[in-house]
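Structure, as structure tokens:
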Amino acid sequence: MVKSIEIKKASVRNRLIVDVDVWMNHPDDFDFSPRASVDGNNLSIRNEGDEGPASSIELDSDQMNVAERDRMVELRVKFAVEGMHGVLTHKTKNTRIAPNAKKLAEPRWKTVLPLSL
């Protein structure tokens with residue numbers, strides 16, 4: 001299940017693009033079905049079926065015009081799990097010279113969501 005959703009930024013290119021960090025409870029959780037809605041000038045992202053964690057951001061007039069025109073939003077999601085993607089305690093100083101240097105996986109996901117206005 002989703003622990004929290006945090007909207008990092010919203011920008012406009014060809015359409016409205018929203019960057020989101022999603023924190024999951026467990027590494028084996030795959031239950032994330034995002035829904036986007038606009039109420040006034042606030043864009044809200046929530047997980048379907050969850051009443052709790054939701055995040056919102058205020059859109060400026062240009063972003064609002066693009067959202068009303070397209071009625072969709074491109075969502076760029078970065079998933080993380082508490083405890084797995086926190087602060088590393090033993091960092092390799094130079095990863096190019098370390099024999100077994102590895103980085104933690106950062107799962108990313110991109111999708112286009114319909115907007116409910």
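Each chain of the structure tokens is named A, B, ... in the order shown, its residues numbered from 1; ligands are numbered from 1 in display order.
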
Just want the 10 Å neighbourhood of Val73 (chain A), counted on only C-alpha atoms, with same-chain residues fewer than 4 positions away dropped. Output as a PyMOL selection string. chain A and resi 10+12+15-18+36-37+43+66-67+111-115

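Taking only C-alpha atoms into account, Val38 (chain A) lies nearest to A:Glu58 out of the set A:Glu74, A:Glu6, A:Glu58, A:Glu82.
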
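Of the residues under consideration (A:Val2, A:Asn14, A:Arg35, A:Pro27), A:Pro27 shows the shortest atom-to-atom contact distance to Pro107 (chain A) when counting only C-alpha atoms.
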
Determine the nearest neighbour of Arg71 (chain A) from the options A:Met1, A:Leu117, A:Asp29, A:Asn41, counting only C-alpha atoms. A:Leu117

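Straight-line separation from CA of Ile5 (chain A) to CA of Asn25 (chain A): 11.8 Å.
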
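Ranking A:Lys3, A:Trp109, A:His26, A:Asp39 by their shortest atom-to-atom distance to Leu75 (chain A), with only C-alpha atoms included, puts A:Trp109 first.
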
Quick check for you: according to DSSP on this backbone, which residues of region 3-61 of chain A are classed as strand (DSSP E)? Reply as an NGL selection string. :A and (3-12 or 16-24 or 34-39 or 42-47 or 54-58)

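The nearest approach to Arg76 (chain A) among the residues A:Pro34, A:Lys8, A:Val20, A:Leu59, with only C-alpha atoms taken into account, belongs to A:Val20.
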
What is the distance, in Å and to one decimal place, between CA of Ile45 (chain A) and CA of Ile7 (chain A)? 8.0 Å
